[in-house]
$ cat model17.cif   # mmCIF, C-alpha atoms
data_protein
loop_
_atom_site.label_atom_id
_atom_site.label_comp_id
_atom_site.auth_asym_id
_atom_site.auth_seq_id
_atom_site.Cartn_x
_atom_site.Cartn_y
_atom_site.Cartn_z
CA MET A 1 186.19 89.05 256.23
CA PRO A 2 183.63 86.73 257.84
CA ALA A 3 180.65 85.80 255.76
CA VAL A 4 177.47 87.68 256.57
CA PRO A 5 174.70 85.25 257.59
CA GLN A 6 172.19 84.79 254.83
CA ARG A 7 169.35 85.81 257.18
CA LEU A 8 170.91 89.24 257.72
CA ARG A 9 171.03 89.97 254.01
CA LEU A 10 167.23 90.31 253.84
CA ALA A 11 166.78 94.00 254.64
CA PRO A 12 163.11 95.03 255.00
CA GLN A 13 162.99 97.22 251.91
CA ALA A 14 159.84 98.29 250.16
CA PRO A 15 160.60 96.61 246.77
CA LEU A 16 161.14 93.28 248.47
CA ARG A 17 157.82 93.58 250.24
CA LEU A 18 156.00 94.29 246.99
CA LEU A 19 157.68 91.31 245.34
CA LEU A 20 156.75 89.17 248.32
CA LEU A 21 153.08 90.09 247.92
CA LEU A 22 153.31 89.24 244.23
CA GLY A 23 154.90 85.94 245.16
CA LEU A 24 151.99 85.19 247.51
CA PHE A 25 149.55 85.77 244.65
CA LEU A 26 151.46 83.50 242.34
CA THR A 27 151.99 80.72 244.88
CA GLY A 28 148.23 80.41 245.37
CA ALA A 29 148.01 79.06 241.83
CA SER A 30 151.32 77.29 241.33
CA GLY A 31 152.22 75.84 244.72
CA LEU A 32 155.52 77.00 246.19
CA ARG A 33 157.55 77.47 243.02
CA ALA A 34 156.83 81.17 242.38
CA PRO A 35 159.08 82.63 245.13
CA ARG A 36 162.07 80.82 243.65
CA ARG A 37 161.25 82.01 240.14
CA LEU A 38 161.04 85.58 241.39
CA GLY A 39 164.48 85.32 242.93
CA LEU A 40 163.44 86.81 246.26
CA GLY A 41 166.00 84.89 248.25
CA LEU A 42 163.31 83.00 250.14
CA ARG A 43 164.97 79.60 250.01
CA PRO A 44 166.10 79.75 253.68
CA ALA A 45 162.41 79.96 254.65
CA ALA A 46 161.58 76.94 252.52
CA ARG A 47 164.48 75.00 254.00
CA ALA A 48 163.23 75.97 257.48
CA MET A 49 160.09 73.95 256.74
CA PRO A 50 161.29 70.71 255.15
CA GLY A 51 158.77 68.72 253.22
CA LEU A 52 156.28 71.54 252.68
CA GLN A 53 156.72 71.62 248.94
CA GLU A 54 156.56 67.85 248.70
CA GLN A 55 153.43 67.92 250.82
CA ALA A 56 151.85 70.54 248.55
CA ARG A 57 152.43 68.60 245.34
CA GLY A 58 149.58 66.26 244.51
CA SER A 59 147.27 67.70 247.18
CA ARG A 60 144.10 69.71 246.88
CA PRO A 61 144.24 73.40 245.82
CA GLU A 62 143.16 74.47 249.31
CA ASP A 63 146.01 72.53 250.88
CA ARG A 64 148.52 74.02 248.45
CA ALA A 65 147.25 77.51 249.26
CA ALA A 66 147.53 76.84 253.01
CA VAL A 67 151.10 75.60 252.64
CA ALA A 68 151.90 78.64 250.50
CA ARG A 69 150.57 80.96 253.20
CA LEU A 70 152.72 79.24 255.80
CA GLU A 71 155.88 79.71 253.74
CA VAL A 72 155.07 83.34 252.96
CA GLU A 73 154.43 84.05 256.68
CA LYS A 74 157.82 82.56 257.42
CA CYS A 75 159.39 84.72 254.72
CA THR A 76 157.58 87.75 256.10
CA SER A 77 159.08 87.12 259.53
CA LEU A 78 162.52 86.98 257.92
CA LEU A 79 161.89 90.39 256.37
CA GLY A 80 160.86 91.83 259.73
CA GLU A 81 157.17 92.16 258.94
CA THR A 82 154.32 91.54 261.40
CA SER A 83 151.76 88.89 260.63
CA PRO A 84 148.79 87.44 262.56
CA ALA A 85 150.84 84.32 263.26
CA ASP A 86 153.44 86.48 265.02
CA GLY A 87 150.89 88.05 267.36
CA GLY A 88 149.59 90.82 265.08
CA THR A 89 145.96 91.32 264.24
CA SER A 90 144.10 92.24 261.13
CA GLU A 91 140.86 93.16 262.92
CA PRO A 92 140.12 96.90 263.02
CA ALA A 93 140.24 98.47 266.46
CA PRO A 94 136.98 99.93 267.80
CA PRO A 95 136.72 103.74 267.70
CA LEU A 96 138.20 105.40 270.74
CA TRP A 97 135.45 107.96 271.26
CA ASN A 98 132.48 105.62 271.34
CA LEU A 99 129.52 106.09 273.69
CA PRO A 100 130.80 103.80 276.52
CA ASN A 101 134.15 105.61 276.63
CA VAL A 102 132.41 109.00 276.57
CA LEU A 103 130.23 107.93 279.52
CA THR A 104 133.32 106.79 281.41
CA LEU A 105 135.14 110.03 280.71
CA SER A 106 132.09 112.01 281.80
CA ARG A 107 132.45 110.53 285.30
CA VAL A 108 135.95 111.95 285.52
CA VAL A 109 134.56 115.38 284.55
CA MET A 110 131.89 115.00 287.24
CA VAL A 111 134.53 114.85 289.99
CA PRO A 112 135.49 118.57 289.91
CA ALA A 113 131.87 119.46 289.19
CA MET A 114 130.87 117.68 292.39
CA GLN A 115 133.45 119.64 294.39
CA VAL A 116 132.00 122.88 293.09
CA LEU A 117 128.48 121.82 294.06
CA PHE A 118 129.61 121.12 297.63
CA PHE A 119 130.25 124.84 298.10
CA TRP A 120 127.14 126.01 296.23
CA ASP A 121 125.04 128.20 298.54
CA ASN A 122 121.63 127.23 297.27
CA PRO A 123 118.61 125.43 298.77
CA LEU A 124 118.94 122.80 296.05
CA ARG A 125 122.57 122.02 296.83
CA ASN A 126 121.96 118.63 298.47
CA ILE A 127 119.60 117.53 295.72
CA ALA A 128 122.09 118.62 293.05
CA CYS A 129 124.95 116.73 294.72
CA ALA A 130 122.90 113.58 295.22
CA GLY A 131 121.56 113.77 291.66
CA LEU A 132 125.00 114.21 290.11
CA PHE A 133 126.42 111.33 292.11
CA ALA A 134 123.47 109.10 291.17
CA LEU A 135 124.02 110.03 287.52
CA ALA A 136 127.65 108.98 287.84
CA ALA A 137 126.55 105.65 289.32
CA ILE A 138 124.16 105.09 286.40
CA THR A 139 126.88 105.79 283.83
CA ASP A 140 129.10 103.33 285.70
CA PHE A 141 126.60 100.60 284.87
CA PHE A 142 125.80 101.57 281.29
CA ASP A 143 129.33 102.13 279.99
CA GLY A 144 130.38 98.54 280.70
CA TYR A 145 127.02 97.11 279.67
CA LEU A 146 126.96 98.90 276.31
CA ALA A 147 130.61 98.12 275.59
CA ARG A 148 130.00 94.40 276.09
CA LYS A 149 126.68 94.39 274.25
CA TRP A 150 128.02 96.27 271.22
CA LYS A 151 131.39 94.45 271.40
CA ILE A 152 133.38 97.68 271.41
CA THR A 153 135.45 97.17 274.55
CA SER A 154 138.75 99.04 274.40
CA PRO A 155 141.93 99.21 276.49
CA PHE A 156 141.20 102.88 277.18
CA GLY A 157 137.78 102.08 278.64
CA ALA A 158 139.08 99.12 280.63
CA PHE A 159 141.72 101.37 282.19
CA LEU A 160 139.59 104.46 282.82
CA ASP A 161 136.44 102.78 284.16
CA PRO A 162 137.81 101.69 287.58
CA VAL A 163 139.85 104.90 287.84
CA ALA A 164 136.76 107.07 287.37
CA ASP A 165 134.87 105.12 290.05
CA LYS A 166 137.65 105.47 292.59
CA LEU A 167 138.12 109.18 291.92
CA MET A 168 134.42 109.96 292.39
CA VAL A 169 133.94 107.85 295.52
CA ALA A 170 137.14 109.06 297.21
CA ALA A 171 136.45 112.73 296.51
CA VAL A 172 132.86 112.56 297.78
CA LEU A 173 133.73 110.57 300.93
CA ILE A 174 136.44 113.07 301.86
CA GLN A 175 134.02 115.98 301.47
CA LEU A 176 131.31 114.18 303.41
CA SER A 177 133.73 113.38 306.23
CA ALA A 178 134.65 117.04 306.58
CA ARG A 179 131.04 118.23 306.49
CA VAL A 180 129.73 115.69 308.97
CA ALA A 181 132.63 116.16 311.39
CA ALA A 182 132.22 119.95 311.31
CA ALA A 183 128.52 119.59 312.14
CA GLY A 184 129.26 117.40 315.18
CA TRP A 185 127.31 114.37 313.98
CA VAL A 186 128.95 111.62 316.00
CA LEU A 187 127.37 108.50 314.48
CA GLU A 188 127.38 109.77 310.93
CA GLY A 189 130.87 111.21 311.37
CA ALA A 190 132.23 107.86 312.56
CA ALA A 191 130.53 105.98 309.73
CA VAL A 192 131.73 108.31 306.99
CA SER A 193 135.26 108.75 308.36
CA ILE A 194 135.87 105.03 308.94
CA SER A 195 134.34 104.16 305.60
CA CYS A 196 136.52 106.75 303.89
CA ALA A 197 139.68 105.40 305.53
CA VAL A 198 138.87 101.73 304.85
CA THR A 199 137.79 102.43 301.27
CA LEU A 200 140.89 104.44 300.40
CA CYS A 201 143.25 101.89 301.97
CA ARG A 202 141.46 99.02 300.29
CA GLU A 203 141.41 100.64 296.83
CA ILE A 204 145.08 101.65 296.98
CA GLY A 205 146.13 98.20 298.17
CA VAL A 206 144.04 96.26 295.65
CA SER A 207 145.12 98.51 292.77
CA ALA A 208 148.77 97.99 293.64
CA LEU A 209 148.16 94.26 294.00
CA ARG A 210 146.53 94.02 290.58
CA GLU A 211 149.34 95.93 288.95
CA TRP A 212 151.92 93.65 290.56
CA MET A 213 149.97 90.51 289.58
CA ALA A 214 149.70 91.80 286.01
CA GLU A 215 153.50 91.96 285.85
CA LEU A 216 153.54 88.29 286.82
CA GLY A 217 150.99 87.45 284.13
CA VAL A 218 148.37 86.24 286.63
CA ARG A 219 146.09 89.27 286.95
CA ALA A 220 143.06 87.01 286.38
CA SER A 221 143.55 85.73 289.95
CA VAL A 222 142.45 89.11 291.33
CA GLN A 223 139.66 90.03 288.94
CA VAL A 224 136.59 91.82 290.27
CA GLY A 225 134.20 89.32 291.87
CA TRP A 226 130.54 89.49 292.79
CA LEU A 227 131.40 90.62 296.33
CA GLY A 228 133.22 93.66 294.98
CA LYS A 229 130.29 94.47 292.71
CA CYS A 230 127.87 94.28 295.65
CA LYS A 231 130.16 96.57 297.61
CA THR A 232 130.09 99.12 294.81
CA ALA A 233 126.29 98.99 294.49
CA PHE A 234 125.68 99.47 298.25
CA GLN A 235 128.30 102.21 298.35
CA MET A 236 126.71 104.18 295.53
CA VAL A 237 123.24 104.02 297.11
CA ALA A 238 124.55 104.90 300.59
CA ILE A 239 126.49 107.95 299.41
CA SER A 240 123.54 109.17 297.35
CA LEU A 241 121.27 108.99 300.41
CA LEU A 242 123.79 110.72 302.68
CA LEU A 243 124.25 113.53 300.17
CA LEU A 244 120.54 114.30 300.44
CA VAL A 245 120.81 115.00 304.18
CA MET A 246 124.41 116.21 304.56
CA PRO A 247 124.90 119.16 306.90
CA GLY A 248 126.42 122.50 306.11
CA GLY A 249 123.50 123.78 304.07
CA PRO A 250 119.78 123.57 303.59
CA PRO A 251 118.56 119.96 303.67
CA ALA A 252 116.64 118.48 300.79
CA PRO A 253 112.87 118.92 301.12
CA PHE A 254 111.08 115.73 302.20
CA PRO A 255 107.32 115.12 302.17
CA ALA A 256 107.32 113.91 305.80
CA ALA A 257 109.10 115.32 308.81
CA ASP A 258 110.75 112.02 309.74
CA ALA A 259 111.77 111.16 306.17
CA ALA A 260 115.16 112.86 306.57
CA VAL A 261 115.89 110.74 309.64
CA VAL A 262 114.97 107.55 307.80
CA VAL A 263 117.12 108.49 304.81
CA ASN A 264 120.03 109.34 307.11
CA ARG A 265 119.87 106.05 308.99
CA ALA A 266 119.45 104.03 305.79
CA GLY A 267 122.47 105.75 304.29
CA VAL A 268 124.60 105.09 307.37
CA ALA A 269 123.55 101.42 307.49
CA LEU A 270 124.33 100.86 303.81
CA LEU A 271 127.65 102.66 304.19
CA TRP A 272 128.64 100.35 307.07
CA LEU A 273 127.61 97.37 304.95
CA SER A 274 129.61 98.53 301.95
CA THR A 275 132.62 99.14 304.19
CA ALA A 276 132.42 95.60 305.56
CA LEU A 277 132.15 94.19 302.04
CA ALA A 278 135.12 96.29 300.98
CA ALA A 279 137.24 94.81 303.79
CA VAL A 280 136.11 91.24 303.06
CA SER A 281 136.59 91.50 299.30
CA GLY A 282 140.01 93.08 299.81
CA PHE A 283 140.97 90.19 302.07
CA GLN A 284 139.82 87.75 299.37
CA TYR A 285 141.98 89.43 296.75
CA PHE A 286 145.07 89.26 298.94
CA SER A 287 144.30 85.65 299.88
CA ALA A 288 144.12 84.72 296.19
CA ALA A 289 147.45 86.46 295.57
CA TRP A 290 149.18 85.11 298.69
CA PRO A 291 150.84 82.11 296.92
CA TYR A 292 152.64 84.61 294.68
CA LEU A 293 153.32 87.11 297.46
CA SER A 294 154.83 84.38 299.65
CA GLY A 295 156.98 83.06 296.82
CA ARG A 296 155.40 79.60 296.65
CA MET A 297 154.33 80.29 293.06
CA ARG A 298 156.47 81.97 290.46
CA LYS A 299 155.96 84.28 287.52
CA GLN A 300 154.33 82.67 284.52
CA SER A 301 156.45 82.66 281.38
#
$ encode --input "model17.cif" --output "structure tokens"
Amino acid sequence: MPAVPQRLRLAPQAPLRLLLLLGLFLTGASGLRAPRRLGLGLRPAARAMPGLQEQARGSRPEDRAAVARLEVEKCTSLLGETSPADGGTSEPAPPLWNLPNVLTLSRVVMVPAMQVLFFWDNPLRNIACAGLFALAAITDFFDGYLARKWKITSPFGAFLDPVADKLMVAAVLIQLSARVAAAGWVLEGAAVSISCAVTLCREIGVSALREWMAELGVRASVQVGWLGKCKTAFQMVAISLLLLVMPGGPPAPFPAADAAVVVNRAGVALLWLSTALAAVSGFQYFSAAWPYLSGRMRKQS
């Protein structure tokens, strides 16, 4: 019968783990001799680091403690445990339901609420739609700002934040396109329809590109830049203005007769600008990823 390798004999059992912790306590005071006295079978770990015990003898207590921690971490890896040196972390994770994450999740809830408001037969419909969309834009700023300021960023928030933005913008642009086209507004219909098509194509393409780059380990090459942030800001303002004057219902009351025309033209101009920025920023993302798409650069190990 072939001999079982000594490394495989160290099953991760609870008693061994308790003895290992006791050995760590003892080694802090007596160098590296306690694990051998306890008979934990940790000699393979000591042999894996030749000279550690000799280095610990005659040195300062701090150095002996550091060497002891190194040997115990090695022994822990042999027992199948996770330690900070192996990629684990001892820092507590931030709470999942903190204020930034709640603000982000609220934008997802606003998407169906916005669809209901589109079919609300009330003189305040346009104001309610524009106000809800503006509120979503404000939460888009504050969730990231508060998470960075309070240092409570989480993977859940990092994932949901861009998803919530895309859901809200896509749903509203589709509804606006249908409303404007049904009313026969040629200029506004072209602006909203083209912007909707370009925005959806750009967001789908960039999202797929980022996911593919993340698999290669180079997602930082396609991070959100200042051009993309400007596009989002202009887009939020433009859609808010267009919601105030969208057809299919009573328009929002304005103090002057020509105010609705000014708001409409300003919204169309900003929407064209945001569409152009969306196309340019999307081109920049694909240009940055082209060395990997063309095969000239490979996946990072």
$ closest_residue --input "model17.cif" --among "A:Pro95, A:Arg148, A:Ala113, A:Ala288" --to "Leu209 (chain A)" --atoms "only C-alpha atoms"
A:Ala288
$ resolve_selection --input "model17.cif" --expression "the PyMOL selection byres ((chain A and resi 201-203) around 8)" --output "PDB file with C-alpha atoms, in the frame of the given file"
ATOM      1  CA  LYS A 166     137.650 105.470 292.590  1.00  0.00           C
ATOM      2  CA  ALA A 197     139.680 105.400 305.530  1.00  0.00           C
ATOM      3  CA  VAL A 198     138.870 101.730 304.850  1.00  0.00           C
ATOM      4  CA  THR A 199     137.790 102.430 301.270  1.00  0.00           C
ATOM      5  CA  LEU A 200     140.890 104.440 300.400  1.00  0.00           C
ATOM      6  CA  ILE A 204     145.080 101.650 296.980  1.00  0.00           C
ATOM      7  CA  GLY A 205     146.130  98.200 298.170  1.00  0.00           C
ATOM      8  CA  VAL A 206     144.040  96.260 295.650  1.00  0.00           C
ATOM      9  CA  SER A 207     145.120  98.510 292.770  1.00  0.00           C
ATOM     10  CA  ALA A 278     135.120  96.290 300.980  1.00  0.00           C
ATOM     11  CA  ALA A 279     137.240  94.810 303.790  1.00  0.00           C
ATOM     12  CA  GLY A 282     140.010  93.080 299.810  1.00  0.00           C
TER      13      GLY A 282
END
$ resolve_selection --input "model17.cif" --expression "the PyMOL selection byres ((chain A and resi 286) around 10)" --output "ChimeraX atom specification"
/A:205-206,209-210,221-222,281-285,287-293
$ residues_around --input "model17.cif" --residues "Thr232 (chain A)" --least-positions-apart "4" --cutoff "8 Å" --atoms "all atoms listed in the file" --output "MDAnalysis selection string"
chainID A and resid 228 236 274
$ resolve_selection --input "model17.cif" --expression "the PyMOL selection byres ((chain A and resi 106) around 12)" --output "ChimeraX atom specification"
/A:97,99-105,107-113,132-133,135-140,143,157,160-161,164-165,168
$ atom_distance --input "model17.cif" --atom1 "CA of Cys129 (chain A)" --atom2 "CA of Gly267 (chain A)"
14.8 Å
$ atom_distance --input "model17.cif" --atom1 "CA of Arg298 (chain A)" --atom2 "CA of Gly225 (chain A)"
23.5 Å
$ atom_distance --input "model17.cif" --atom1 "CA of Ile152 (chain A)" --atom2 "CA of Glu211 (chain A)"
23.8 Å
$ residues_near_point --input "model17.cif" --point "(134.3, 113.0, 303.8)" --cutoff "12 Å" --atoms "all atoms listed in the file" --output "JSON, numbers by chain"
{"A": [115, 118, 168, 169, 170, 171, 172, 173, 174, 175, 176, 177, 178, 179, 180, 181, 182, 188, 189, 190, 191, 192, 193, 194, 195, 196, 197, 199, 200, 239, 242, 243, 246, 247]}
